[in-house]
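Visitor: This is query23.txt, which holds compact mmCIF, C-alpha atoms:
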# COMPACT_ATOMS: atom_id res chain seq x y z
CA MET A 1 0.00 0.00 0.00
CA THR A 2 1.36 3.39 -0.97
CA GLN A 3 0.46 6.78 0.40
CA LYS A 4 -2.21 8.66 -1.49
CA ARG A 5 -1.33 12.08 -2.85
CA GLU A 6 -4.94 13.23 -2.84
CA ASN A 7 -6.61 15.34 -0.17
CA VAL A 8 -8.59 13.82 2.69
CA LYS A 9 -12.33 14.51 2.79
CA CYS A 10 -13.79 15.06 6.24
CA PRO A 11 -16.92 12.90 6.74
CA VAL A 12 -18.45 15.52 9.06
CA CYS A 13 -17.96 18.93 7.42
CA THR A 14 -16.95 17.54 3.95
CA SER A 15 -13.98 19.91 3.66
CA LYS A 16 -10.93 18.59 1.79
CA PHE A 17 -7.47 19.07 3.20
CA ILE A 18 -3.86 17.88 3.29
CA PRO A 19 -3.28 16.35 6.74
CA GLU A 20 -0.83 18.31 8.85
CA SER A 21 0.39 15.08 10.43
CA PHE A 22 -0.53 11.53 11.38
CA HIS A 23 -0.03 9.98 14.79
CA TYR A 24 0.13 6.29 15.55
CA GLU A 25 -2.41 5.13 18.11
CA LYS A 26 -1.80 1.79 19.80
CA THR A 27 -5.06 -0.09 19.78
CA HIS A 28 -6.02 -3.73 20.22
CA PHE A 29 -9.34 -5.25 19.29
CA ASP A 30 -10.65 -8.67 20.22
CA PRO A 31 -12.13 -10.27 17.11
CA MET A 32 -15.89 -10.74 17.50
CA GLU A 33 -17.26 -14.11 16.52
CA THR A 34 -20.16 -14.31 14.15
CA LYS A 35 -22.55 -17.10 14.96
CA GLY A 36 -25.01 -18.87 12.73
CA LYS A 37 -28.43 -20.16 13.70
CA LEU A 38 -28.44 -22.68 16.53
CA ILE A 39 -29.93 -25.83 15.10
CA GLU A 40 -31.07 -28.42 17.60
CA PHE A 41 -31.74 -32.03 16.85
CA PRO A 42 -32.25 -35.20 18.92
CA ASN A 43 -29.39 -35.58 21.38
CA GLY A 44 -27.46 -32.67 19.95
CA LYS A 45 -27.20 -29.24 18.41
CA HIS A 46 -24.99 -27.38 15.93
CA GLN A 47 -24.05 -23.79 15.39
CA LEU A 48 -21.49 -22.32 12.96
CA GLU A 49 -19.05 -19.91 14.59
CA LEU A 50 -16.63 -17.83 12.54
CA LYS A 51 -13.88 -15.43 13.46
CA PRO A 52 -13.69 -12.33 11.22
CA PHE A 53 -11.96 -12.79 7.89
CA THR A 54 -9.70 -9.89 8.87
CA SER A 55 -8.63 -8.18 12.05
CA PHE A 56 -6.72 -4.98 12.66
CA ARG A 57 -4.61 -3.31 15.30
CA GLY A 58 -3.18 0.15 15.60
CA SER A 59 -4.47 3.20 13.80
CA TYR A 60 -3.18 6.30 12.08
CA VAL A 61 -4.95 9.36 13.44
CA THR A 62 -5.25 12.85 11.98
CA TYR A 63 -7.75 15.66 12.35
CA CYS A 64 -9.80 17.95 10.17
CA PRO A 65 -8.42 21.51 10.47
CA GLU A 66 -11.89 22.89 9.70
CA CYS A 67 -14.01 21.19 12.35
CA GLY A 68 -11.50 19.26 14.48
CA TYR A 69 -13.01 15.84 13.79
CA LEU A 70 -10.56 12.98 14.39
CA LEU A 71 -10.11 10.56 11.50
CA ARG A 72 -8.70 7.08 12.04
CA PHE A 73 -7.24 4.65 9.53
CA ALA A 74 -6.24 1.05 10.23
CA ALA A 75 -2.47 0.69 10.60
CA GLU A 76 -2.11 -3.11 10.47
CA ILE A 77 -4.52 -5.45 8.73
CA GLY A 78 -4.50 -9.11 9.81
CA ARG A 79 -5.72 -11.89 7.53
CA LYS A 80 -6.25 -15.52 8.44
CA GLU A 81 -3.50 -17.88 7.33
CA ILE A 82 -3.12 -21.60 7.95
CA ILE A 83 -0.54 -22.56 10.60
CA GLU A 84 1.71 -25.25 9.15
CA ASP A 85 3.91 -25.78 12.22
CA PRO A 86 1.92 -27.41 15.10
CA SER A 87 4.43 -26.10 17.68
CA LEU A 88 3.30 -22.54 16.94
CA ILE A 89 -0.38 -23.14 17.65
CA LYS A 90 -0.31 -22.14 21.31
CA LYS A 91 2.06 -19.21 20.77
CA LEU A 92 0.04 -17.59 18.03
CA GLY A 93 -3.47 -17.89 19.42
CA ALA A 94 -4.82 -20.43 16.98
CA ILE A 95 -8.24 -20.36 15.34
CA LYS A 96 -9.72 -23.72 14.39
CA GLU A 97 -12.12 -23.66 11.46
CA PHE A 98 -13.08 -26.08 8.68
CA GLY A 99 -10.53 -28.68 9.73
CA ASN A 100 -7.62 -26.24 9.66
CA THR A 101 -5.80 -24.12 12.22
CA TYR A 102 -5.42 -20.44 11.40
CA LYS A 103 -3.74 -17.35 12.79
CA TYR A 104 -3.98 -13.69 11.88
CA GLN A 105 -0.98 -12.54 9.87
CA PHE A 106 -0.66 -8.77 10.32
CA ASP A 107 0.89 -6.62 7.62
CA PRO A 108 1.87 -3.10 8.66
CA SER A 109 0.91 -0.33 6.28
CA VAL A 110 2.23 3.17 5.71
CA LYS A 111 0.33 6.35 6.46
CA PRO A 112 -2.74 6.35 4.21
CA TYR A 113 -2.21 9.89 2.89
CA MET A 114 0.81 12.13 2.45
CA ASP A 115 1.00 14.79 5.14
CA TYR A 116 2.97 18.04 5.49
CA SER A 117 6.19 16.20 6.37
CA ASP A 118 5.90 13.88 3.36
CA TYR A 119 5.45 16.73 0.90
CA PHE A 120 8.32 18.66 2.48
CA ILE A 121 10.67 15.66 2.36
CA GLU A 122 9.63 14.89 -1.22
CA LYS A 123 10.51 18.45 -2.25
CA VAL A 124 13.85 18.42 -0.40
CA ASP A 125 14.81 14.99 -1.74
CA SER A 126 14.08 16.01 -5.33
CA ILE A 127 16.35 19.05 -4.92
CA LYS A 128 19.12 17.04 -3.26
CA ILE A 129 18.99 14.43 -6.03
CA SER A 130 19.26 17.15 -8.68
CA ILE A 131 22.24 18.62 -6.78
CA LYS A 132 23.92 15.22 -6.51
CA ASN A 133 23.37 14.47 -10.20
CA ALA A 134 24.87 17.84 -11.11
CA LEU A 135 27.89 17.42 -8.81
CA ASP A 136 28.50 13.89 -10.05
CA GLU A 137 29.51 15.50 -13.35
CA VAL A 138 32.54 16.96 -11.56
CA ASN A 139 35.24 14.31 -11.33
CA PHE A 140 36.16 15.01 -7.72
CA ASN A 141 38.38 11.95 -7.57
CA GLN A 142 40.53 13.25 -10.40
CA TRP A 143 40.57 16.85 -9.21
CA GLY A 144 40.75 16.33 -5.48
CA SER A 145 42.74 13.15 -4.87
CA SER A 146 46.16 14.75 -5.39
CA TYR A 147 45.16 17.78 -3.30
CA ASN A 148 44.02 15.53 -0.45
CA LYS A 149 47.27 13.54 -0.64
CA TRP A 150 49.28 16.76 -0.69
CA LYS A 151 47.58 17.93 2.49
CA GLU A 152 47.64 14.59 4.29
CA ASP A 153 50.87 12.92 3.12
CA LYS A 154 54.16 14.69 3.87
CA SER A 155 55.90 12.68 1.14
CA ILE A 156 53.79 14.49 -1.50
CA ASP A 157 55.44 17.86 -2.03
CA SER A 158 54.05 21.01 -3.64
CA PHE A 159 55.86 20.28 -6.90
CA LYS A 160 54.03 16.96 -7.39
CA PHE A 161 50.67 18.53 -6.63
CA LEU A 162 51.31 21.41 -9.03
CA ILE A 163 52.20 19.03 -11.88
CA HIS A 164 49.10 16.88 -11.31
CA PHE A 165 46.79 19.86 -10.87
CA PHE A 166 48.00 21.58 -14.02
CA SER A 167 47.80 18.33 -16.02
CA THR A 168 44.19 17.85 -14.90
CA LEU A 169 43.47 21.48 -15.73
CA VAL A 170 44.85 21.09 -19.28
CA ASP A 171 42.74 17.96 -19.80
CA TYR A 172 39.68 19.94 -18.74
CA LEU A 173 40.55 22.83 -21.06
CA ASP A 174 40.94 20.40 -23.96
CA SER A 175 37.46 19.00 -23.26
CA GLN A 176 35.89 22.47 -23.27
CA VAL A 177 37.66 24.24 -26.14
CA GLU A 178 37.27 23.55 -29.86
CA ASP A 179 40.36 22.82 -31.95
CA HIS A 180 42.41 22.57 -28.75
CA ASN A 181 45.41 20.98 -30.50
CA ASN A 182 46.09 24.23 -32.34
CA LYS A 183 45.82 26.54 -29.34
CA THR A 184 48.13 27.43 -26.50
CA VAL A 185 47.17 26.90 -22.88
CA VAL A 186 46.78 30.66 -22.46
CA GLN A 187 44.37 30.81 -25.42
CA LYS A 188 42.36 27.94 -23.97
CA ILE A 189 42.14 29.66 -20.59
CA GLU A 190 40.91 32.86 -22.23
CA GLU A 191 38.26 31.00 -24.24
CA LEU A 192 36.88 29.48 -21.07
CA ASN A 193 35.56 32.90 -19.98
CA LEU A 194 36.57 32.40 -16.38
CA PRO A 195 35.98 35.10 -13.77
CA LYS A 196 38.76 37.64 -14.33
CA ASN A 197 40.54 36.97 -11.05
CA LEU A 198 40.49 33.21 -11.63
CA GLU A 199 41.74 33.66 -15.19
CA ILE A 200 44.75 35.62 -13.90
CA LEU A 201 45.46 33.03 -11.20
CA THR A 202 45.21 30.17 -13.70
CA LYS A 203 47.65 31.86 -16.08
CA ASP A 204 50.04 32.49 -13.18
CA VAL A 205 49.90 28.80 -12.23
CA GLY A 206 50.65 27.95 -15.87
CA ASP A 207 53.72 30.19 -15.80
CA LEU A 208 54.82 28.62 -12.52
CA ARG A 209 54.37 25.12 -13.90
CA ASN A 210 56.52 25.96 -16.94
CA LYS A 211 59.15 27.37 -14.63
CA VAL A 212 59.42 24.31 -12.39
CA ALA A 213 59.18 21.85 -15.28
CA HIS A 214 62.46 22.98 -16.84
CA GLU A 215 64.70 23.37 -13.82
CA VAL A 216 65.21 22.08 -10.33
CA TYR A 217 62.94 24.26 -8.28
CA GLU A 218 61.33 24.25 -4.88
CA LEU A 219 58.15 26.27 -4.42
CA ASN A 220 58.28 28.97 -1.80
CA GLU A 221 55.41 29.76 0.57
CA GLU A 222 53.93 32.46 -1.66
CA GLU A 223 53.93 30.15 -4.69
CA GLU A 224 52.34 27.33 -2.69
CA SER A 225 49.63 29.76 -1.63
CA LEU A 226 49.08 30.72 -5.29
CA VAL A 227 48.66 27.07 -6.33
CA GLU A 228 46.29 26.26 -3.48
CA SER A 229 44.21 29.40 -3.96
CA THR A 230 43.88 28.68 -7.69
CA PHE A 231 42.82 25.09 -7.01
CA ILE A 232 40.17 26.17 -4.48
CA GLN A 233 38.75 28.88 -6.71
CA PHE A 234 38.75 26.61 -9.75
CA MET A 235 36.85 23.95 -7.82
CA ARG A 236 34.28 26.55 -6.81
CA TYR A 237 34.02 27.59 -10.46
CA LEU A 238 33.38 23.98 -11.55
CA ILE A 239 30.77 23.48 -8.83
CA MET A 240 29.01 26.76 -9.61
CA LYS A 241 28.96 25.86 -13.28
CA GLN A 242 27.03 22.69 -12.41
CA LEU A 243 24.73 24.14 -9.76
CA ALA A 244 23.86 27.56 -11.21
CA PRO A 245 21.39 26.13 -13.79
CA LEU A 246 19.37 24.60 -10.92
CA ASN A 247 18.34 28.10 -9.76
CA LEU A 248 18.46 27.08 -6.11
CA ASP A 249 17.78 30.67 -5.10
CA LYS A 250 14.42 30.57 -6.91
CA ILE A 251 12.77 27.47 -5.46
CA LYS A 252 9.13 27.25 -6.50
CA ILE A 253 6.40 25.87 -4.26
CA LYS A 254 2.93 24.87 -5.46
CA PRO A 255 0.17 27.12 -4.05
CA GLU A 256 -1.47 24.16 -2.32
CA HIS A 257 1.85 23.39 -0.60
CA ASP A 258 2.32 26.83 0.92
CA PHE A 259 3.05 25.16 4.26
CA ILE A 260 6.52 24.28 2.93
CA ASP A 261 9.07 26.70 4.36
CA ILE A 262 11.67 27.67 1.74
CA ASN A 263 14.11 28.76 4.45
CA LYS A 264 14.05 25.23 5.85
CA ILE A 265 14.73 23.88 2.37
CA LYS A 266 17.75 26.19 2.13
CA TYR A 267 18.93 24.86 5.48
CA GLU A 268 18.78 21.30 4.14
CA ILE A 269 20.57 22.32 0.93
CA GLN A 270 23.33 23.92 2.98
CA GLU A 271 23.70 20.84 5.18
CA PHE A 272 23.74 18.52 2.15
CA LEU A 273 26.41 20.57 0.36
CA HIS A 274 28.42 20.75 3.56
CA LEU A 275 28.40 16.96 3.91
CA TYR A 276 28.89 16.15 0.21
CA LEU A 277 31.63 18.65 -0.60
CA GLY A 278 33.29 18.34 2.80
CA LYS A 279 33.81 14.63 2.13
CA VAL A 280 35.38 15.07 -1.30
CA LEU A 281 37.30 18.31 -0.74
CA HIS A 282 39.60 18.34 2.27
CA ILE A 283 40.09 22.08 2.12
CA LYS A 284 41.47 23.74 5.22
CA ASN A 285 38.83 25.77 7.05
CA PHE A 286 36.38 24.40 4.48
CA TYR A 287 33.25 25.99 5.95
CA ASN A 288 34.48 29.59 6.04
CA ASN A 289 36.91 29.57 3.12
CA PHE A 290 34.90 27.54 0.63
CA LEU A 291 31.34 26.69 1.60
CA ILE A 292 30.06 30.09 2.78
CA PRO A 293 31.23 31.95 -0.37
CA LEU A 294 29.69 29.18 -2.50
CA LEU A 295 26.36 29.33 -0.64
CA GLU A 296 26.23 33.10 -0.91
CA GLU A 297 26.90 32.92 -4.63
CA LEU A 298 24.13 30.31 -4.98
CA GLY A 299 21.79 32.44 -2.86
CA VAL A 300 20.98 29.65 -0.39
CA ARG A 301 22.94 30.54 2.72
CA HIS A 302 20.87 29.97 5.87
CA PRO A 303 21.83 32.27 8.77
CA ASP A 304 20.92 29.70 11.44
CA TYR A 305 23.10 26.89 10.09
CA ASN A 306 25.92 26.17 12.51
CA PRO A 307 27.87 22.97 11.79
Let me see the structure of the file written as structure tokens.
Guide:
Amino acid sequence: MTQKRENVKCPVCTSKFIPESFHYEKTHFDPMETKGKLIEFPNGKHQLELKPFTSFRGSYVTYCPECGYLLRFAAEIGRKEIIEDPSLIKKLGAIKEFGNTYKYQFDPSVKPYMDYSDYFIEKVDSIKISIKNALDEVNFNQWGSSYNKWKEDKSIDSFKFLIHFFSTLVDYLDSQVEDHNNKTVVQKIEELNLPKNLEILTKDVGDLRNKVAHEVYELNEEEESLVESTFIQFMRYLIMKQLAPLNLDKIKIKPEHDFIDINKIKYEIQEFLHLYLGKVLHIKNFYNNFLIPLLEELGVRHPDYNP
């Protein structure tokens, strides 16, 4: 049984509404026997007795916001099934009928109708899935693995990270620019239409890479900072390129779902991005240096989020 997307109709005032919530009520009912006519005959009598074909326990309860009437829906429906194992007869409260021994097999069901929480979760999940699908297009393993190793493994020096980062960058440029075999790296960078500051940084990293590739060279602190800053900003560029088309700052809610709080959706988006990107990008001071600027650019920063 699946939840219905339709509105509930109140049997008292006939108003139709989306339930605010359902609550589970623990209830137990003793099945009432139905008896046939008592037929008497010499030295005896006979009467057919039947337990109900179904039983139920537990109920989902909601209320009509118009008149306050409580509506109940069965939570678990039990149907008679034959007991095959004789050792279970006493444990399960057996019912003997028509030469067989039965028990009620209860099957739990979900809430009968979608309520406020269900519609909210459905909306949030659809957004998170679209975000994940978009971010999956960024090869974080290729981009981030060498950076993570550089930050976590002392045997990986700045030179090795620079070479890998620039090689990955060139591969990306080749995938984005037409006729890339006949263009210089600088021309490819310019055709990418990067933000001006990032374009300058990327060209500077290219110059640095050419410098260290042709001579024995150890990066100084300022040059290491240049490489790391370029990597971080380029990752934010790639992520923004994937997420910007989703228009996360312009989330639309159906009029009948006006109970959905967009600010709460933004909170969930922020938490999801924090978890997802924090796992694949081991950037120092990730929240302040990377996530907050990204959220502000996306227009989804929630002021109450505090990881």
Visitor: (-3.3, -14.4, 10.0) in this file's frame - what residues fall within 6 Å of it? Use all atoms listed in the file and give the answer as a list in words.
Guide: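 Result, sorted by chain then residue number: Gly78, Arg79, Lys80, Glu81, Lys103, Tyr104 and Gln105 of chain A.
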Visitor: So that I can check the surroundings of A:Ala75, please list as a tab-separated table (two decimals) with C-alpha atoms, keeping the file's coordinate frame every protein, DNA and RNA residue that reaches within 10 Å of it, counting all atoms listed in the file and ignoring chain neighbours fewer than 3 positions away.
Guide:
chain	number	residue	atom	x	y	z
A	24	TYR	CA	0.13	6.29	15.55
A	25	GLU	CA	-2.41	5.13	18.11
A	26	LYS	CA	-1.80	1.79	19.80
A	27	THR	CA	-5.06	-0.09	19.78
A	56	PHE	CA	-6.72	-4.98	12.66
A	57	ARG	CA	-4.61	-3.31	15.30
A	58	GLY	CA	-3.18	0.15	15.60
A	59	SER	CA	-4.47	3.20	13.80
A	60	TYR	CA	-3.18	6.30	12.08
A	61	VAL	CA	-4.95	9.36	13.44
A	72	ARG	CA	-8.70	7.08	12.04
A	106	PHE	CA	-0.66	-8.77	10.32
A	107	ASP	CA	0.89	-6.62	7.62
A	108	PRO	CA	1.87	-3.10	8.66
A	109	SER	CA	0.91	-0.33	6.28
A	110	VAL	CA	2.23	3.17	5.71
A	111	LYS	CA	0.33	6.35	6.46
A	112	PRO	CA	-2.74	6.35	4.21
Visitor: Determine, counting only C-alpha atoms, every residue of protein, DNA or RNA that lies within 10 Å of (-13.1, -11.7, 7.8) in the file coordinates, then give the result as a PDB file with C-alpha atoms, keeping the file's coordinate frame.
Guide:
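Generated output (selection-v1.pdb):
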ATOM      1  CA  PRO A  31     -12.130 -10.270  17.110  1.00  0.00           C
ATOM      2  CA  GLU A  33     -17.260 -14.110  16.520  1.00  0.00           C
ATOM      3  CA  THR A  34     -20.160 -14.310  14.150  1.00  0.00           C
ATOM      4  CA  LEU A  50     -16.630 -17.830  12.540  1.00  0.00           C
ATOM      5  CA  LYS A  51     -13.880 -15.430  13.460  1.00  0.00           C
ATOM      6  CA  PRO A  52     -13.690 -12.330  11.220  1.00  0.00           C
ATOM      7  CA  PHE A  53     -11.960 -12.790   7.890  1.00  0.00           C
ATOM      8  CA  THR A  54      -9.700  -9.890   8.870  1.00  0.00           C
ATOM      9  CA  SER A  55      -8.630  -8.180  12.050  1.00  0.00           C
ATOM     10  CA  GLY A  78      -4.500  -9.110   9.810  1.00  0.00           C
ATOM     11  CA  ARG A  79      -5.720 -11.890   7.530  1.00  0.00           C
ATOM     12  CA  LYS A  80      -6.250 -15.520   8.440  1.00  0.00           C
TER      13      LYS A  80
END
Visitor: Using atom CA of A:Phe165 and atom CA of A:Phe231 as the two end points, give the distance in Å to one decimal.
Guide: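 Taking atom CA of A:Phe165 and atom CA of A:Phe231, their separation equals 7.6 Å.
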Visitor: May I ask for the distance between atom CA of A:Ile253 and atom CA of A:Tyr116, given in Å to one decimal place?
Guide: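 Rounded to one decimal, the two atoms are 13.0 Å apart.
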Visitor: Using only C-alpha atoms, which residue out of A:Ile127, A:Leu135, A:Leu277, A:Leu162 lies closest to A:Tyr217?
Guide: A:Leu162
Visitor: Atom CA of A:Ile131 and atom CA of A:Lys254 are how many Å apart?
Guide: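 Separating atom CA of A:Ile131 from atom CA of A:Lys254 is a distance of 20.3 Å.
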Visitor: Nearest to A:Phe22: which of A:Glu256, A:Asp249, A:Asp118, A:Glu76 is it, counting all atoms listed in the file?
Guide: A:Asp118
Visitor: With only C-alpha atoms as the counted atoms, please give the residues lying no more than 9 Å from A:Phe140, apart from itself and same-chain residues fewer than 5 positions off, as a list in words.
Guide: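 Everything that qualifies: Leu135, Ser145, Met235, Val280 and Leu281 of chain A.
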Visitor: If we count only C-alpha atoms, what is near A:Leu208 at a cut-off of 10 Å, once residues fewer than 4 positions away on the same chain are taken out, given as a list of chain:residue names?
Guide: A:Leu162, A:Ile163, A:Phe166, A:Thr202, A:Lys203, A:Asp204, A:Val212, A:Ala213, A:Leu219, A:Glu223, A:Leu226, A:Val227
Visitor: I'd like the contact shell of A:Asp174 - 12 Å cut-off, only C-alpha atoms, skipping same-chain residues fewer than 4 positions apart - returned as a PyMOL selection string.
Guide: chain A and resi 167-170+178-189+191-192
Visitor: Just write the chosen residues, C-alpha atoms, as an mmCIF file, keeping the file's coordinate frame.
Guide:
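File out_4.cif, as written:
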data_model
loop_
_atom_site.group_PDB
_atom_site.id
_atom_site.type_symbol
_atom_site.label_atom_id
_atom_site.label_comp_id
_atom_site.auth_asym_id
_atom_site.auth_seq_id
_atom_site.Cartn_x
_atom_site.Cartn_y
_atom_site.Cartn_z
ATOM 1 C CA SER A 167 47.800 18.330 -16.020
ATOM 2 C CA THR A 168 44.190 17.850 -14.900
ATOM 3 C CA LEU A 169 43.470 21.480 -15.730
ATOM 4 C CA VAL A 170 44.850 21.090 -19.280
ATOM 5 C CA GLU A 178 37.270 23.550 -29.860
ATOM 6 C CA ASP A 179 40.360 22.820 -31.950
ATOM 7 C CA HIS A 180 42.410 22.570 -28.750
ATOM 8 C CA ASN A 181 45.410 20.980 -30.500
ATOM 9 C CA ASN A 182 46.090 24.230 -32.340
ATOM 10 C CA LYS A 183 45.820 26.540 -29.340
ATOM 11 C CA THR A 184 48.130 27.430 -26.500
ATOM 12 C CA VAL A 185 47.170 26.900 -22.880
ATOM 13 C CA VAL A 186 46.780 30.660 -22.460
ATOM 14 C CA GLN A 187 44.370 30.810 -25.420
ATOM 15 C CA LYS A 188 42.360 27.940 -23.970
ATOM 16 C CA ILE A 189 42.140 29.660 -20.590
ATOM 17 C CA GLU A 191 38.260 31.000 -24.240
ATOM 18 C CA LEU A 192 36.880 29.480 -21.070
#
Visitor: Measuring atom to atom with all atoms listed in the file, identify which of A:Ala74, A:Ala134, A:Met114, A:Ile39 is nearest to A:Val8.
Guide: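 Under the stated criterion, the closest residue is A:Met114.
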Visitor: Taking all atoms listed in the file into account, which of A:Gln270, A:His282, A:Cys67, A:Val300 comes nearest A:Trp150?
Guide: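 The shortest atom-to-atom distance to A:Trp150 comes from A:His282.
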Visitor: Please export stretch 256-274 of chain A as a compact mmCIF listing (two decimals), in the first residue's frame, restricted to N, CA and C atoms.
Guide:
# COMPACT_ATOMS: atom_id res chain seq x y z
N GLU A 256 -0.83 25.03 -3.31
CA GLU A 256 -1.47 24.16 -2.32
C GLU A 256 -0.48 23.61 -1.29
N HIS A 257 0.82 23.84 -1.54
CA HIS A 257 1.85 23.39 -0.60
C HIS A 257 2.52 24.58 0.07
N ASP A 258 1.74 25.62 0.34
CA ASP A 258 2.32 26.83 0.92
C ASP A 258 2.80 26.63 2.35
N PHE A 259 2.54 25.47 2.92
CA PHE A 259 3.05 25.16 4.26
C PHE A 259 4.54 24.81 4.23
N ILE A 260 5.10 24.60 3.05
CA ILE A 260 6.52 24.28 2.93
C ILE A 260 7.33 25.56 3.09
N ASP A 261 8.25 25.54 4.04
CA ASP A 261 9.07 26.70 4.36
C ASP A 261 10.35 26.67 3.52
N ILE A 262 10.50 27.63 2.62
CA ILE A 262 11.67 27.67 1.74
C ILE A 262 12.96 27.84 2.54
N ASN A 263 12.91 28.59 3.64
CA ASN A 263 14.11 28.76 4.45
C ASN A 263 14.60 27.43 5.02
N LYS A 264 13.66 26.55 5.34
CA LYS A 264 14.05 25.23 5.85
C LYS A 264 14.64 24.38 4.72
N ILE A 265 14.14 24.57 3.51
CA ILE A 265 14.73 23.88 2.37
C ILE A 265 16.17 24.34 2.17
N LYS A 266 16.40 25.65 2.28
CA LYS A 266 17.75 26.19 2.13
C LYS A 266 18.68 25.63 3.21
N TYR A 267 18.14 25.45 4.41
CA TYR A 267 18.93 24.86 5.48
C TYR A 267 19.38 23.45 5.09
N GLU A 268 18.46 22.67 4.54
CA GLU A 268 18.78 21.30 4.14
C GLU A 268 19.77 21.29 2.98
N ILE A 269 19.62 22.23 2.05
CA ILE A 269 20.57 22.32 0.93
C ILE A 269 21.96 22.61 1.47
N GLN A 270 22.04 23.55 2.41
CA GLN A 270 23.33 23.92 2.98
C GLN A 270 23.96 22.73 3.70
N GLU A 271 23.16 21.99 4.46
CA GLU A 271 23.70 20.84 5.18
C GLU A 271 24.16 19.76 4.20
N PHE A 272 23.38 19.54 3.14
CA PHE A 272 23.74 18.52 2.15
C PHE A 272 25.05 18.89 1.44
N LEU A 273 25.18 20.14 1.02
CA LEU A 273 26.41 20.57 0.36
C LEU A 273 27.60 20.50 1.30
N HIS A 274 27.35 20.82 2.56
CA HIS A 274 28.42 20.75 3.56
C HIS A 274 28.93 19.31 3.68
